[in-house]
file data05.cif (mmCIF, C-alpha atoms)
data_entry
#
loop_
_atom_site.label_atom_id
_atom_site.label_comp_id
_atom_site.auth_asym_id
_atom_site.auth_seq_id
_atom_site.Cartn_x
_atom_site.Cartn_y
_atom_site.Cartn_z
CA MET F 1 73.44 74.33 7.47
CA PRO F 2 74.64 71.23 5.59
CA VAL F 3 78.11 69.79 6.08
CA ASN F 4 80.61 71.26 3.63
CA GLU F 5 81.42 68.59 1.02
CA GLN F 6 84.44 70.55 -0.16
CA SER F 7 86.23 69.94 3.14
CA ALA F 8 87.49 66.46 2.20
CA GLY F 9 91.28 66.48 2.15
CA ARG F 10 91.56 69.14 4.82
CA VAL F 11 94.43 68.64 7.30
CA TYR F 12 94.48 70.48 10.63
CA PRO F 13 97.65 71.66 12.39
CA PRO F 14 99.23 69.33 14.96
CA THR F 15 97.63 69.50 18.40
CA ALA F 16 99.40 70.47 21.60
CA PRO F 17 100.91 67.34 23.22
CA TYR F 18 98.54 65.19 25.30
CA GLY F 19 100.38 63.69 28.28
CA VAL F 20 99.26 60.09 28.91
CA SER F 21 99.14 59.57 32.69
CA ALA F 22 98.98 56.39 34.75
CA ALA F 23 95.97 57.84 36.57
CA LYS F 24 94.00 58.38 33.34
CA ILE F 25 94.91 54.89 32.09
CA ARG F 26 93.65 53.38 35.36
CA GLU F 27 90.43 55.39 35.21
CA PHE F 28 89.80 54.43 31.56
CA ALA F 29 90.63 50.73 32.16
CA GLU F 30 88.19 50.61 35.08
CA ALA F 31 85.48 52.28 32.97
CA VAL F 32 85.71 49.64 30.20
CA GLY F 33 86.20 46.69 32.58
CA ALA F 34 89.79 46.04 31.48
CA GLY F 35 91.15 43.89 34.30
CA ASP F 36 94.68 43.24 33.06
CA PRO F 37 97.24 44.29 35.70
CA ALA F 38 99.41 45.88 32.96
CA HIS F 39 96.97 48.84 33.04
CA VAL F 40 97.56 49.58 36.72
CA ASP F 41 100.72 47.88 37.95
CA PRO F 42 104.05 49.13 36.49
CA ALA F 43 105.79 45.87 37.51
CA ALA F 44 103.20 43.80 35.60
CA ALA F 45 103.62 46.06 32.55
CA ARG F 46 107.43 45.78 32.72
CA ALA F 47 107.14 41.98 32.93
CA LEU F 48 105.44 42.15 29.50
CA GLY F 49 108.25 44.32 28.15
CA TYR F 50 106.69 47.78 28.48
CA ARG F 51 108.31 50.83 30.02
CA ASN F 52 105.29 51.67 32.21
CA VAL F 53 101.58 50.91 32.49
CA ILE F 54 99.87 50.66 29.08
CA ALA F 55 96.49 51.91 27.92
CA PRO F 56 93.63 49.70 26.71
CA PRO F 57 93.34 49.48 22.89
CA THR F 58 90.46 51.99 22.63
CA PHE F 59 92.09 54.65 24.88
CA ALA F 60 93.36 56.43 21.75
CA VAL F 61 89.81 57.58 21.05
CA LEU F 62 90.14 60.01 23.93
CA ILE F 63 92.92 61.86 22.11
CA ALA F 64 91.35 61.38 18.66
CA GLN F 65 88.02 62.87 19.76
CA GLN F 66 89.82 65.92 21.09
CA CYS F 67 91.35 66.28 17.62
CA ASP F 68 87.92 65.79 16.01
CA ALA F 69 86.69 68.72 18.09
CA GLN F 70 88.73 70.95 15.74
CA PHE F 71 86.60 70.12 12.74
CA VAL F 72 83.32 69.96 14.69
CA ALA F 73 84.08 73.49 15.91
CA ASP F 74 85.26 74.68 12.48
CA PRO F 75 82.60 77.09 11.18
CA GLN F 76 83.58 76.22 7.59
CA MET F 77 82.57 72.59 8.20
CA GLY F 78 79.00 73.34 9.24
CA VAL F 79 78.66 70.48 11.78
CA ASP F 80 75.90 70.51 14.41
CA PHE F 81 77.44 68.47 17.25
CA SER F 82 74.06 67.44 18.69
CA ARG F 83 73.31 65.64 15.40
CA VAL F 84 76.56 63.62 15.28
CA VAL F 85 76.37 59.83 15.60
CA HIS F 86 79.43 57.55 15.63
CA GLY F 87 79.07 55.14 12.69
CA GLN F 88 82.35 53.29 12.53
CA GLN F 89 85.71 53.23 14.31
CA THR F 90 89.09 51.70 13.45
CA PHE F 91 92.37 51.69 15.35
CA VAL F 92 95.71 50.61 13.94
CA HIS F 93 98.29 50.35 16.70
CA HIS F 94 102.05 50.27 16.21
CA ARG F 95 102.57 49.96 19.96
CA PRO F 96 100.33 50.53 23.00
CA LEU F 97 100.04 54.05 24.40
CA THR F 98 102.13 54.11 27.55
CA ALA F 99 102.12 56.30 30.65
CA GLY F 100 104.57 59.14 30.08
CA ASP F 101 103.88 59.42 26.33
CA GLU F 102 103.45 62.97 25.02
CA VAL F 103 101.10 62.39 22.09
CA ILE F 104 100.60 64.76 19.16
CA GLY F 105 97.60 64.29 16.87
CA VAL F 106 97.17 65.44 13.29
CA LEU F 107 93.58 65.39 12.07
CA HIS F 108 92.76 64.64 8.43
CA VAL F 109 89.28 64.87 6.91
CA ASP F 110 89.46 61.94 4.48
CA ALA F 111 85.94 61.94 3.04
CA VAL F 112 82.63 63.74 3.19
CA LYS F 113 79.67 62.03 1.52
CA LEU F 114 76.10 63.24 1.48
CA VAL F 115 73.70 60.27 1.57
CA ALA F 116 69.92 60.61 1.90
CA GLY F 117 70.14 63.94 3.69
CA ASN F 118 72.85 62.75 6.11
CA ALA F 119 76.54 63.56 5.89
CA MET F 120 79.05 60.75 6.41
CA VAL F 121 82.36 62.26 7.48
CA THR F 122 85.50 60.13 7.73
CA THR F 123 88.23 61.60 9.90
CA ARG F 124 91.66 60.10 10.50
CA THR F 125 93.94 61.09 13.36
CA GLU F 126 97.60 60.19 13.15
CA LEU F 127 99.03 59.97 16.68
CA THR F 128 102.78 60.27 17.14
CA VAL F 129 105.16 60.34 20.10
CA ALA F 130 108.50 62.06 19.42
CA ASP F 131 107.77 61.78 15.65
CA GLU F 132 107.28 58.01 15.96
CA PRO F 133 103.85 56.78 14.72
CA VAL F 134 101.99 54.99 17.53
CA CYS F 135 98.37 54.82 16.39
CA THR F 136 96.03 55.71 13.55
CA SER F 137 92.43 56.27 14.62
CA THR F 138 89.80 56.49 11.89
CA SER F 139 86.21 57.50 12.64
CA MET F 140 83.17 57.63 10.43
CA LEU F 141 80.73 60.12 11.85
CA VAL F 142 77.18 60.47 10.63
CA VAL F 143 75.79 63.99 10.86
CA ARG F 144 72.03 63.52 10.72
CA GLY F 145 70.21 65.94 8.44
CA GLU F 146 67.38 68.16 9.65
CA GLN F 147 64.04 66.37 9.69
CA PRO F 148 61.78 67.51 6.84
CA MET I 1 100.26 36.55 35.82
CA THR I 2 98.27 35.02 32.97
CA PRO I 3 100.57 33.49 30.37
CA ILE I 4 100.31 35.00 26.89
CA ARG I 5 98.25 32.86 24.54
CA ARG I 6 100.19 31.06 21.82
CA ALA I 7 99.08 31.12 18.18
CA ALA I 8 99.94 27.41 18.01
CA ASP I 9 97.22 26.71 20.61
CA VAL I 10 94.51 28.63 18.74
CA ALA I 11 92.33 27.36 15.88
CA LYS I 12 89.78 28.96 13.58
CA GLY I 13 86.35 28.61 15.19
CA ASP I 14 87.60 28.80 18.80
CA LEU I 15 85.22 30.76 21.02
CA LEU I 16 86.23 33.33 23.63
CA PRO I 17 84.50 32.96 27.00
CA GLU I 18 81.26 34.94 26.98
CA ARG I 19 80.76 37.84 29.38
CA VAL I 20 77.41 39.29 30.44
CA LEU I 21 77.64 42.98 31.24
CA GLN I 22 74.99 44.72 33.34
CA VAL I 23 75.12 48.32 32.15
CA ASP I 24 73.70 51.03 34.37
CA ARG I 25 73.74 54.83 34.34
CA ALA I 26 76.64 54.97 36.80
CA MET I 27 78.84 53.05 34.34
CA LEU I 28 78.01 55.53 31.57
CA VAL I 29 78.83 58.50 33.79
CA ARG I 30 82.11 56.83 34.71
CA TYR I 31 82.92 56.19 31.03
CA ALA I 32 81.96 59.78 30.12
CA GLY I 33 84.42 61.07 32.71
CA ALA I 34 87.19 58.63 31.84
CA SER I 35 86.93 59.15 28.07
CA LEU I 36 86.12 62.89 28.18
CA ASP I 37 83.13 62.14 25.91
CA ARG I 38 80.57 64.23 27.77
CA ASN I 39 77.76 64.17 25.21
CA PRO I 40 74.58 64.41 27.35
CA ILE I 41 72.75 61.76 25.28
CA HIS I 42 74.75 59.28 27.39
CA TRP I 43 73.61 60.47 30.82
CA ASP I 44 70.76 63.01 30.57
CA GLU I 45 67.44 61.31 29.82
CA ARG I 46 65.59 64.55 29.14
CA PHE I 47 68.23 65.67 26.65
CA ALA I 48 68.35 62.24 24.96
CA ARG I 49 64.56 62.30 24.42
CA SER I 50 64.70 65.88 23.12
CA VAL I 51 66.93 64.73 20.24
CA GLY I 52 64.65 61.83 19.35
CA LEU I 53 66.26 58.95 21.26
CA PRO I 54 64.09 56.51 23.28
CA ASP I 55 66.18 57.07 26.43
CA VAL I 56 69.83 57.47 27.47
CA ILE I 57 72.08 55.31 25.26
CA ALA I 58 75.55 53.93 25.99
CA HIS I 59 78.55 55.38 24.15
CA GLY I 60 79.39 53.19 21.14
CA MET I 61 82.99 53.44 22.33
CA PHE I 62 81.95 52.08 25.77
CA THR I 63 80.75 48.86 24.14
CA MET I 64 83.73 48.72 21.76
CA GLY I 65 86.02 49.17 24.79
CA ALA I 66 84.23 46.53 26.87
CA ALA I 67 84.54 44.02 24.00
CA ALA I 68 88.26 44.85 23.78
CA SER I 69 88.61 44.02 27.48
CA LEU I 70 87.17 40.55 26.86
CA LEU I 71 89.69 40.12 24.03
CA THR I 72 92.80 41.35 25.84
CA GLU I 73 92.13 39.18 28.89
CA TRP I 74 91.90 36.18 26.53
CA VAL I 75 95.23 37.19 24.91
CA GLY I 76 97.03 37.80 28.23
CA ASP I 77 98.71 41.04 27.09
CA PRO I 78 96.63 44.14 26.29
CA GLY I 79 99.42 45.55 24.12
CA ARG I 80 99.07 42.87 21.41
CA VAL I 81 96.11 44.42 19.55
CA ALA I 82 97.43 45.59 16.16
CA ARG I 83 94.10 46.49 14.58
CA TYR I 84 90.57 46.81 15.86
CA THR I 85 87.58 47.97 13.85
CA THR I 86 83.81 48.02 14.23
CA LYS I 87 80.61 49.51 12.91
CA PHE I 88 78.06 50.74 15.41
CA VAL I 89 74.86 49.12 14.20
CA GLY I 90 72.49 49.36 17.16
CA PRO I 91 72.21 51.34 20.38
CA VAL I 92 72.36 50.07 23.97
CA VAL I 93 69.36 51.81 25.52
CA VAL I 94 69.89 52.16 29.29
CA PRO I 95 66.66 52.79 31.24
CA TYR I 96 67.06 54.25 34.72
CA ASP I 97 65.26 51.42 36.52
CA THR I 98 66.50 48.28 34.82
CA GLY I 99 69.71 49.23 33.06
CA ALA I 100 70.66 47.04 30.09
CA GLU I 101 72.23 43.63 29.60
CA VAL I 102 74.95 43.30 26.96
CA VAL I 103 76.34 39.88 26.06
CA LEU I 104 79.94 40.05 24.84
CA GLY I 105 81.60 37.23 22.94
CA GLY I 106 84.22 36.45 20.33
CA LYS I 107 85.21 33.87 17.75
CA VAL I 108 88.55 33.20 16.07
CA THR I 109 88.12 33.68 12.32
CA ALA I 110 91.71 33.34 11.08
CA VAL I 111 95.12 32.16 12.33
CA ASP I 112 98.38 32.85 10.52
CA PRO I 113 100.96 30.45 11.99
CA ASP I 114 103.88 32.29 10.35
CA THR I 115 103.17 35.82 11.60
CA ARG I 116 101.25 34.54 14.70
CA GLU I 117 98.51 37.02 13.76
CA VAL I 118 95.08 35.91 14.90
CA THR I 119 91.83 37.55 13.81
CA VAL I 120 88.93 37.54 16.26
CA GLU I 121 85.39 38.65 15.44
CA LEU I 122 83.92 40.19 18.58
CA SER I 123 80.22 40.49 19.28
CA ALA I 124 78.00 42.55 21.56
CA VAL I 125 74.29 41.81 21.73
CA CYS I 126 71.60 43.74 23.61
CA GLU I 127 67.95 42.62 23.72
CA GLY I 128 68.72 40.13 20.94
CA ALA I 129 70.05 42.83 18.58
CA LYS I 130 73.63 43.43 17.44
CA VAL I 131 75.35 46.50 18.88
CA LEU I 132 78.67 46.06 17.06
CA GLY I 133 78.83 44.99 13.40
CA ARG I 134 81.88 43.37 11.77
CA ALA I 135 83.93 43.97 14.93
CA LEU I 136 87.28 42.53 13.88
CA ALA I 137 90.47 42.58 15.91
CA THR I 138 93.91 41.40 14.86
CA VAL I 139 96.15 40.32 17.73
CA VAL I 140 99.75 39.15 17.59
CA LEU I 141 100.17 36.12 19.85
CA ASP I 142 103.29 34.32 21.06
#
call {"tool": "encode", "arguments": {"input": "data05.cif", "output": "structure tokens"}}
result
Amino acid sequence: MPVNEQSAGRVYPPTAPYGVSAAKIREFAEAVGAGDPAHVDPAAARALGYRNVIAPPTFAVLIAQQCDAQFVADPQMGVDFSRVVHGQQTFVHHRPLTAGDEVIGVLHVDAVKLVAGNAMVTTRTELTVADEPVCTSTSMLVVRGEQP
Amino acid sequence: MTPIRRAADVAKGDLLPERVLQVDRAMLVRYAGASLDRNPIHWDERFARSVGLPDVIAHGMFTMGAAASLLTEWVGDPGRVARYTTKFVGPVVVPYDTGAEVVLGGKVTAVDPDTREVTVELSAVCEGAKVLGRALATVVLD
């Protein structure tokens, strides 16, 4: 089934809060080779002016992809997850995600374009903590068409 | 503690120190767990081949994240990244036996002395081919 072109403009309800933990930040930082002590040592993070350890700049994708799961799972969208390829990714940060943050994501489907049998879907997740914007994560996903 | 880099000490054309990353399957499994991106194309060879890939491939976000690590260590504060964007233009194919080598680098493309905003174009190259395309980060320096 092809991706539904009429779904551009769709906005999903806010997600349940995702609690950013020091343990998850450490695990993520180790996985991407982020060696800055501000990811693991609260004293080092405080010396830079942060309340607690801070996440690497791409950590937000973890929350954004959980939001994307809403549209991938939406039967009205018609997305076959095994055919999804990540085409492009952008983060705009207002401040780093910090251990202790309770993050709410609102997923927007900004664009759906059908090009040469593939669907290019642009999703944007607005991440807020206590109604304060912290990060905008925008993904362009390519849903490969069935081979002829 | 590394001091935070000053915009006044940075010029257009400056290069970030290169980093050569040896990527193996264990690193992909670790990233899958850490990021909660459990797509089997990143760790199950049989599955990857069944959907037309040559072998297991690294997560695009793994490479984007590794390039960010190079950047934030150069800056001296990982919380100074205001914007970071990339296209994923080529895969990192990770064979079981040899793994893959990814060369990470970066170049300063713009410096605004008033706002202290510095733009860095990051690069990731595997087997001579670009993995990230137009990978641009804006950092706010001291």
call {"tool": "residues_near_point", "arguments": {"input": "data05.cif", "point": "(90.6, 29.8, 16.3)", "cutoff": "9 Å", "atoms": "all atoms listed in the file", "output": "list in words"}}
result
Ala7, Asp9, Val10, Ala11, Lys12, Gly13, Asp14, Leu15, Lys107, Val108, Thr109, Ala110, Val111, Val118, Thr119 and Val120 of chain I
call {"tool": "resolve_selection", "arguments": {"input": "data05.cif", "expression": "the PyMOL selection byres ((chain I) within 9 of (chain F))", "output": "ChimeraX atom specification"}}
result
/I:1-2,27-28,30-37,39,41,51,59-70,72-73,76-89
call {"tool": "atom_distance", "arguments": {"input": "data05.cif", "atom1": "CA of Thr138 in chain I", "atom2": "CA of Pro3 in chain I"}}
result
18.6 Å
call {"tool": "residues_around", "arguments": {"input": "data05.cif", "residues": "Val125 in chain I", "least_positions_apart": "3", "cutoff": "6 Å", "atoms": "only C-alpha atoms", "output": "tab-separated table (two decimals) with C-alpha atoms, keeping the file's coordinate frame"}}
result
chain	number	residue	atom	x	y	z
I	102	VAL	CA	74.95	43.30	26.96
I	103	VAL	CA	76.34	39.88	26.06
I	128	GLY	CA	68.72	40.13	20.94
I	129	ALA	CA	70.05	42.83	18.58
I	130	LYS	CA	73.63	43.43	17.44
I	131	VAL	CA	75.35	46.50	18.88
call {"tool": "resolve_selection", "arguments": {"input": "data05.cif", "expression": "the PyMOL selection byres ((chain F and resi 103-120) around 6)", "output": "PyMOL selection string"}}
result
chain F and resi 5+8-12+14-15+17-18+101-102+121-129+141-145
call {"tool": "atom_distance", "arguments": {"input": "data05.cif", "atom1": "CA of Ala43 in chain F", "atom2": "CA of Thr115 in chain I"}}
result
27.9 Å
call {"tool": "closest_residue", "arguments": {"input": "data05.cif", "among": "I:Asp24, I:Asp142, I:Arg46, I:Glu18", "to": "Asp112 in chain I", "atoms": "all atoms listed in the file"}}
result
I:Asp142
call {"tool": "atom_distance", "arguments": {"input": "data05.cif", "atom1": "CA of Gly99 in chain I", "atom2": "CA of Val23 in chain I"}}
result
5.6 Å
